[in-house]
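Working notes, beginning with the structure itself.
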Amino acid sequence: MYYILIFLLILYQLLISLLGTWNDFKKYKISTYNYFQRFGFNNNYSKVDYLIHAVSCGEAMSCQPLIDIIEKSNKKYLLTVHTPTGFNLIRKKVKYSILKPFDLIPTMFYLLLKTQPKILFIAESDSWPFMILFAKLFGTKIYYINYTLKGYLRNFYHYVLADRIFLKINVKNKKKKYHFLGNLKWLSTNKIIDTKFKKTSLIISSAGKDEIDIHLKLIKSFPNINFIYVPRHLNWENQLKDKLQDFKYLWLTHENQISEIENNHLVIIWSFGLLNKLYAKTHMCLMGDTFNLVGGHNLVEPAIHENTIILGPNYHTCRDLAAELNIIYVKKIEELMFKLKDYNSFNQQGKENYQLVFNKQKNIQEKLITILDQN
């Protein structure tokens with residue numbers, strides 16, 4: 001029996017190493033330096049108060065508010081991110097971050113031995129057996145954060161592992177380890193103070209290329225509104241320009257051109273990282289990927305900047321946020337075209353959205369501070 005267990009243990013570690021290596025080089029094109037981090041070769045290992053783990057960039061970003069509070073309290077932390085893509089994106093924003101080592105006995109023993117955190121925060125639901133095992137052996141508390149209940153076996157497994165589980169959505173009849181915190185995405189954006197465009201402007205943000213015909217139908221119908229079009233991916237330039245042959249537009253590639261937007265009926269934002277600055281100046285937001293099957297994106301960014309938010313029929317990825325905000329829901333673009341005839345009446349909804357986000361942020365920040373103060 002012992003031999004079988006030892007064999008399975010060795011087999012698991014071999015599979016983790018081989019599959020991880022294959023993914024790193026084949027899928028993520030990982031650098032040799034980053035690959036060495038997978039085996040614990042990293043200068044950032046030191047004793048910390050909190051070890052925070054996220055599977056990818058989205059989960060890591062949801063932990064940013066927690067990290068901000070930790071930094072203000074002068075406590076030490078280390079963030080581990082499983083995917084190379086997520087790590088490369090988040091390391092520019094989080095000073096103490098590493099690419100998570102492979103879940104092997106020597107790598108996880110060394111990680112937990114060197115860091116000896118009081119708490120291991122796990123974003124949402126990612127779990128690794130040896131990371132959990134050595135956290136337990138070193139007396140580290142395990143907290144799941146931004147957690148969603150789904151599936152009995154999964155819930156049971158995490159409930160047994162965790163010391164506390166902080167829920168994204170409140171539920172009735174909570175068990176002892178469950179605590180309602182709220183969605184950390186509410187804290188993902190701070191308001192940028194700027195002057196709104198004088199002319200009514202509608203930003204179509206994070207738009208999918210399979211929605212372009214729907215969006216252009218809307219843009220063509222409202223010459224009195226300025227439209228700012230922000231594609232989600234910048235890998236279809238020629239296709240987009242073919243679609244825009246009958247339109248006069250500004251092709252914006254740099255932040256310095258933002259001042260030119262108000263003089264153009266249609267502006268294409270062919271650049272990453274400008275959404276927040278644009279939301280600070282626009283009045284309405286049609287969230288992209290809600291007229292296809294993707295299901296939408298972060299609603300906090302437009303809401304905190306007082307934008308009236310419009311969602312198409314598919315918004316399952318941001319449903320919990322939408323439920324707390326003032327949203328204009330439409331099933332077809334013709335329905336939106338009808339409602340936009342009275343777009344001046346939408347302004348109050350945008351102002352109310354800001355207040356809703358502000359109240360959420362204050363409440364969740366107070367809860368996070370309490371959680372950290374208790375440990």
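Each chain in the structure tokens gets a letter, A, B, ..., in the order shown, and its residues are numbered from 1; ligands are numbered from 1 in order too.
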
Practice prompt. Please run DSSP on the backbone and report, as a PyMOL selection string, all residues within stretch 168-349 of chain A that come out as helix (DSSP H, G or I).
Written response: chain A and resi 184-187+209-221+237-243+255-263+275-279+300-304+316-322+333-349

Tell me, as a PDB file with C-alpha atoms, in the first residue's frame, which residues lie within 10 Å of A:Asn34, counting only C-alpha atoms; anything in the same chain fewer than 3 positions away does not count.
ATOM      1  CA  ASP A  24       4.922  27.255 -20.248  1.00  0.00           C
ATOM      2  CA  ILE A  30       7.977  31.552 -21.154  1.00  0.00           C
ATOM      3  CA  SER A  31      11.455  33.020 -20.701  1.00  0.00           C
ATOM      4  CA  GLN A  37      11.130  30.559 -10.855  1.00  0.00           C
ATOM      5  CA  ARG A  38       9.020  27.425 -11.233  1.00  0.00           C
ATOM      6  CA  PHE A  39      11.682  25.569  -9.245  1.00  0.00           C
ATOM      7  CA  PHE A  41      14.990  30.117  -7.890  1.00  0.00           C
ATOM      8  CA  ASN A  42      13.838  33.554  -6.820  1.00  0.00           C
ATOM      9  CA  PRO A  84       2.962  33.446 -16.973  1.00  0.00           C
ATOM     10  CA  PHE A  87       2.294  37.293 -13.869  1.00  0.00           C
ATOM     11  CA  ASN A  88       3.748  39.429 -16.657  1.00  0.00           C
ATOM     12  CA  ILE A  98       6.461  35.991  -8.320  1.00  0.00           C
ATOM     13  CA  LEU A  99       5.509  33.331 -10.826  1.00  0.00           C
ATOM     14  CA  LYS A 100       4.141  30.477  -8.720  1.00  0.00           C
ATOM     15  CA  PRO A 101       6.580  27.546  -8.452  1.00  0.00           C
TER      16      PRO A 101
END

Discussion item. Restricting the calculation to only C-alpha atoms: of A:Ala54, A:Asn375, A:Asn363, A:Phe156, which residue gets closest to A:Phe180?
Written reply: A:Asn363

Worksheet item: Between A:Trp236, A:Tyr77, A:Phe291, A:Trp186, which has the minimum distance to A:Leu336 (counting only C-alpha atoms)?
Response: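 Once distances to A:Leu336 are computed over only C-alpha atoms, the minimum belongs to A:Phe291.
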
Worksheet, complete the sentence: From atom CA of A:Tyr229 to atom CA of A:Lys185 the spacing works out at 23.6 Å

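Neighbours of A:Glu366 closer than or equal to 12 Å, with only C-alpha atoms counted and sequence neighbours fewer than 3 positions away skipped, come out as Pro65, Leu66, Ile69, Leu181, Gly182, Leu187, Asn359, Lys360, Gln361, Lys362, Asn363, Ile369, Thr370, Ile371, Leu372 and Asp373 of chain A.
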
Worksheet item: Got a sec to tell me which of stretch 12-100 of chain A DSSP assigns to strand (DSSP E), as number ranges by chain?
Response: A: 50-54, 77-81, 97-99

May I have the selected residues written with N, CA and C atoms, as an mmCIF file, in the first residue's frame?
data_model
loop_
_atom_site.group_PDB
_atom_site.id
_atom_site.type_symbol
_atom_site.label_atom_id
_atom_site.label_comp_id
_atom_site.auth_asym_id
_atom_site.auth_seq_id
_atom_site.Cartn_x
_atom_site.Cartn_y
_atom_site.Cartn_z
ATOM 1 N N TYR A 50 1.650 37.936 4.840
ATOM 2 C CA TYR A 50 0.585 37.369 4.018
ATOM 3 C C TYR A 50 1.147 36.834 2.706
ATOM 4 N N LEU A 51 0.795 35.612 2.387
ATOM 5 C CA LEU A 51 1.067 35.040 1.071
ATOM 6 C C LEU A 51 -0.258 35.030 0.324
ATOM 7 N N ILE A 52 -0.271 35.606 -0.869
ATOM 8 C CA ILE A 52 -1.509 35.729 -1.649
ATOM 9 C C ILE A 52 -1.319 34.961 -2.947
ATOM 10 N N HIS A 53 -2.280 34.105 -3.276
ATOM 11 C CA HIS A 53 -2.147 33.305 -4.501
ATOM 12 C C HIS A 53 -3.335 33.528 -5.436
ATOM 13 N N ALA A 54 -3.020 33.678 -6.738
ATOM 14 C CA ALA A 54 -4.049 33.831 -7.769
ATOM 15 C C ALA A 54 -3.661 33.000 -8.974
ATOM 16 N N TYR A 77 4.049 41.204 2.282
ATOM 17 C CA TYR A 77 3.246 40.248 1.532
ATOM 18 C C TYR A 77 4.044 39.737 0.341
ATOM 19 N N LEU A 78 3.558 38.651 -0.243
ATOM 20 C CA LEU A 78 4.087 38.137 -1.500
ATOM 21 C C LEU A 78 2.924 37.574 -2.300
ATOM 22 N N LEU A 79 2.800 37.998 -3.551
ATOM 23 C CA LEU A 79 1.750 37.500 -4.446
ATOM 24 C C LEU A 79 2.344 36.469 -5.391
ATOM 25 N N THR A 80 1.715 35.300 -5.486
ATOM 26 C CA THR A 80 2.116 34.306 -6.476
ATOM 27 C C THR A 80 1.017 34.192 -7.521
ATOM 28 N N VAL A 81 1.425 34.167 -8.792
ATOM 29 C CA VAL A 81 0.474 34.060 -9.906
ATOM 30 C C VAL A 81 0.839 32.824 -10.716
ATOM 31 N N SER A 97 5.789 40.275 -6.221
ATOM 32 C CA SER A 97 5.047 39.220 -6.910
ATOM 33 C C SER A 97 6.022 38.278 -7.588
ATOM 34 N N ILE A 98 5.632 37.001 -7.667
ATOM 35 C CA ILE A 98 6.461 35.991 -8.320
ATOM 36 C C ILE A 98 5.574 35.072 -9.154
ATOM 37 N N LEU A 99 6.185 34.399 -10.096
ATOM 38 C CA LEU A 99 5.509 33.331 -10.826
ATOM 39 C C LEU A 99 5.467 32.117 -9.912
#

Hey, could you make a per-residue contact list for stretch 188-261 of chain A against stretch 300-320 of chain A with 9 Å as the cut-off, showing the nearest pair of atoms and its distance in Å to one decimal, counting only C-alpha atoms, sorted by chain and number, as JSON lines?
{"residue": "A:Ser188", "atom": "CA", "partner": "A:Val300", "partner_atom": "CA", "distance": 7.4}
{"residue": "A:Thr189", "atom": "CA", "partner": "A:Glu301", "partner_atom": "CA", "distance": 5.9}
{"residue": "A:Asn190", "atom": "CA", "partner": "A:Ile304", "partner_atom": "CA", "distance": 7.4}
{"residue": "A:Lys191", "atom": "CA", "partner": "A:Ile304", "partner_atom": "CA", "distance": 5.9}
{"residue": "A:Ile192", "atom": "CA", "partner": "A:His305", "partner_atom": "CA", "distance": 7.3}
{"residue": "A:Ile193", "atom": "CA", "partner": "A:His305", "partner_atom": "CA", "distance": 8.4}
{"residue": "A:Leu202", "atom": "CA", "partner": "A:Asn307", "partner_atom": "CA", "distance": 8.9}

Practice prompt. Name the closest residue to A:Leu184 among the candidates A:Ala207, A:Val230, A:Ile214, A:Leu321; distances are taken between atoms, counting only C-alpha atoms.
Written response: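 Checking each candidate against A:Leu184, we get A:Leu321 as the closest.
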
Worksheet item: Between A:Tyr152, A:Tyr3, A:Phe197, A:Tyr144, which has the minimum distance to A:His179 (counting only C-alpha atoms)?
Response: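 Checking each candidate against A:His179, we get A:Tyr144 as the closest.
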
Worksheet item: Which is closest to A:Leu244 among A:Glu335, A:Glu59, A:Asp213, A:Asp342, if we use only C-alpha atoms?
Response: A:Asp213

What's around A:Arg232 at 9 Å? Count only C-alpha atoms, leave out sequence neighbours fewer than 5 positions away in its own chain, and write the answer as a PDB file with N, CA and C atoms, in the first residue's frame.
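This went into selection.pdb:
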ATOM      1  N   SER A 205     -17.149  49.985 -25.111  1.00  0.00           N
ATOM      2  CA  SER A 205     -15.876  49.555 -24.531  1.00  0.00           C
ATOM      3  C   SER A 205     -15.681  48.047 -24.591  1.00  0.00           C
ATOM      4  N   SER A 206     -14.418  47.646 -24.795  1.00  0.00           N
ATOM      5  CA  SER A 206     -14.041  46.227 -24.847  1.00  0.00           C
ATOM      6  C   SER A 206     -14.918  45.461 -25.835  1.00  0.00           C
ATOM      7  N   ALA A 207     -15.076  46.022 -27.009  1.00  0.00           N
ATOM      8  CA  ALA A 207     -15.997  45.464 -28.006  1.00  0.00           C
ATOM      9  C   ALA A 207     -15.377  44.283 -28.751  1.00  0.00           C
ATOM     10  N   GLY A 208     -16.187  43.270 -28.987  1.00  0.00           N
ATOM     11  CA  GLY A 208     -15.752  42.116 -29.763  1.00  0.00           C
ATOM     12  C   GLY A 208     -15.946  42.365 -31.250  1.00  0.00           C
ATOM     13  N   LYS A 209     -15.067  41.810 -32.073  1.00  0.00           N
ATOM     14  CA  LYS A 209     -15.154  42.067 -33.513  1.00  0.00           C
ATOM     15  C   LYS A 209     -16.393  41.429 -34.150  1.00  0.00           C
ATOM     16  N   PHE A 272      -4.129  50.166 -25.820  1.00  0.00           N
ATOM     17  CA  PHE A 272      -4.527  49.595 -24.542  1.00  0.00           C
ATOM     18  C   PHE A 272      -4.343  50.624 -23.421  1.00  0.00           C
ATOM     19  N   GLY A 288     -19.082  46.287 -24.288  1.00  0.00           N
ATOM     20  CA  GLY A 288     -18.820  45.336 -25.356  1.00  0.00           C
ATOM     21  C   GLY A 288     -18.949  43.901 -24.904  1.00  0.00           C
ATOM     22  N   ASP A 289     -19.010  43.012 -25.880  1.00  0.00           N
ATOM     23  CA  ASP A 289     -19.155  41.569 -25.637  1.00  0.00           C
ATOM     24  C   ASP A 289     -20.441  41.224 -24.902  1.00  0.00           C
TER      25      ASP A 289
END

Discussion item. Can you pull out the residues contacting A:Ala123? Cut-off 10 Å, using only C-alpha atoms, and skip same-chain residues under 2 positions away; I want them as number ranges by chain.
Written reply: A: 52-56, 58-63, 120-121, 125-127, 143-147, 166

Selection to disk with C-alpha atoms, as a PDB file, in the first residue's frame:
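Once everything was written out, this is result_8.pdb:
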ATOM      1  CA  ILE A  52      -1.509  35.729  -1.649  1.00  0.00           C
ATOM      2  CA  HIS A  53      -2.147  33.305  -4.501  1.00  0.00           C
ATOM      3  CA  ALA A  54      -4.049  33.831  -7.769  1.00  0.00           C
ATOM      4  CA  VAL A  55      -4.353  31.595 -10.804  1.00  0.00           C
ATOM      5  CA  SER A  56      -4.198  34.370 -13.419  1.00  0.00           C
ATOM      6  CA  GLY A  58      -8.073  38.539 -13.345  1.00  0.00           C
ATOM      7  CA  GLU A  59      -7.887  36.897  -9.925  1.00  0.00           C
ATOM      8  CA  ALA A  60      -4.663  38.751  -9.094  1.00  0.00           C
ATOM      9  CA  MET A  61      -6.288  42.068 -10.010  1.00  0.00           C
ATOM     10  CA  SER A  62      -9.187  41.273  -7.699  1.00  0.00           C
ATOM     11  CA  CYS A  63      -6.629  41.052  -4.868  1.00  0.00           C
ATOM     12  CA  LEU A 120      -2.454  32.301   2.839  1.00  0.00           C
ATOM     13  CA  PHE A 121      -5.080  34.215   0.856  1.00  0.00           C
ATOM     14  CA  SER A 125     -10.905  28.978  -5.771  1.00  0.00           C
ATOM     15  CA  ASP A 126      -7.483  27.891  -7.073  1.00  0.00           C
ATOM     16  CA  SER A 127      -5.911  25.170  -4.889  1.00  0.00           C
ATOM     17  CA  TYR A 143      -8.499  32.153   3.657  1.00  0.00           C
ATOM     18  CA  TYR A 144     -10.403  31.959   0.368  1.00  0.00           C
ATOM     19  CA  ILE A 145     -11.328  35.426  -0.826  1.00  0.00           C
ATOM     20  CA  ASN A 146     -13.789  36.625  -3.474  1.00  0.00           C
ATOM     21  CA  TYR A 147     -15.268  33.139  -3.346  1.00  0.00           C
ATOM     22  CA  PHE A 166     -15.063  35.208   2.276  1.00  0.00           C
TER      23      PHE A 166
END

Item to complete: Would you mind reading off the distance between atom CA of A:Leu14 and atom CA of A:Asp103, one decimal, in Å?
Response: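 The value is 10.3 Å.
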
Worksheet item: Between atom CA of A:Asn224 and atom CA of A:Thr200, what is the distance, to one decimal in Å?
Response: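 Taking atom CA of A:Asn224 and atom CA of A:Thr200, their separation equals 7.8 Å.
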
Discussion item. I'd like to know which of A:Val294, A:Ile132, A:Ile228, A:Val171 is closest to A:Glu262, using only C-alpha atoms.
Written reply: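 Using only C-alpha atoms, the shortest distance to A:Glu262 belongs to A:Ile228.
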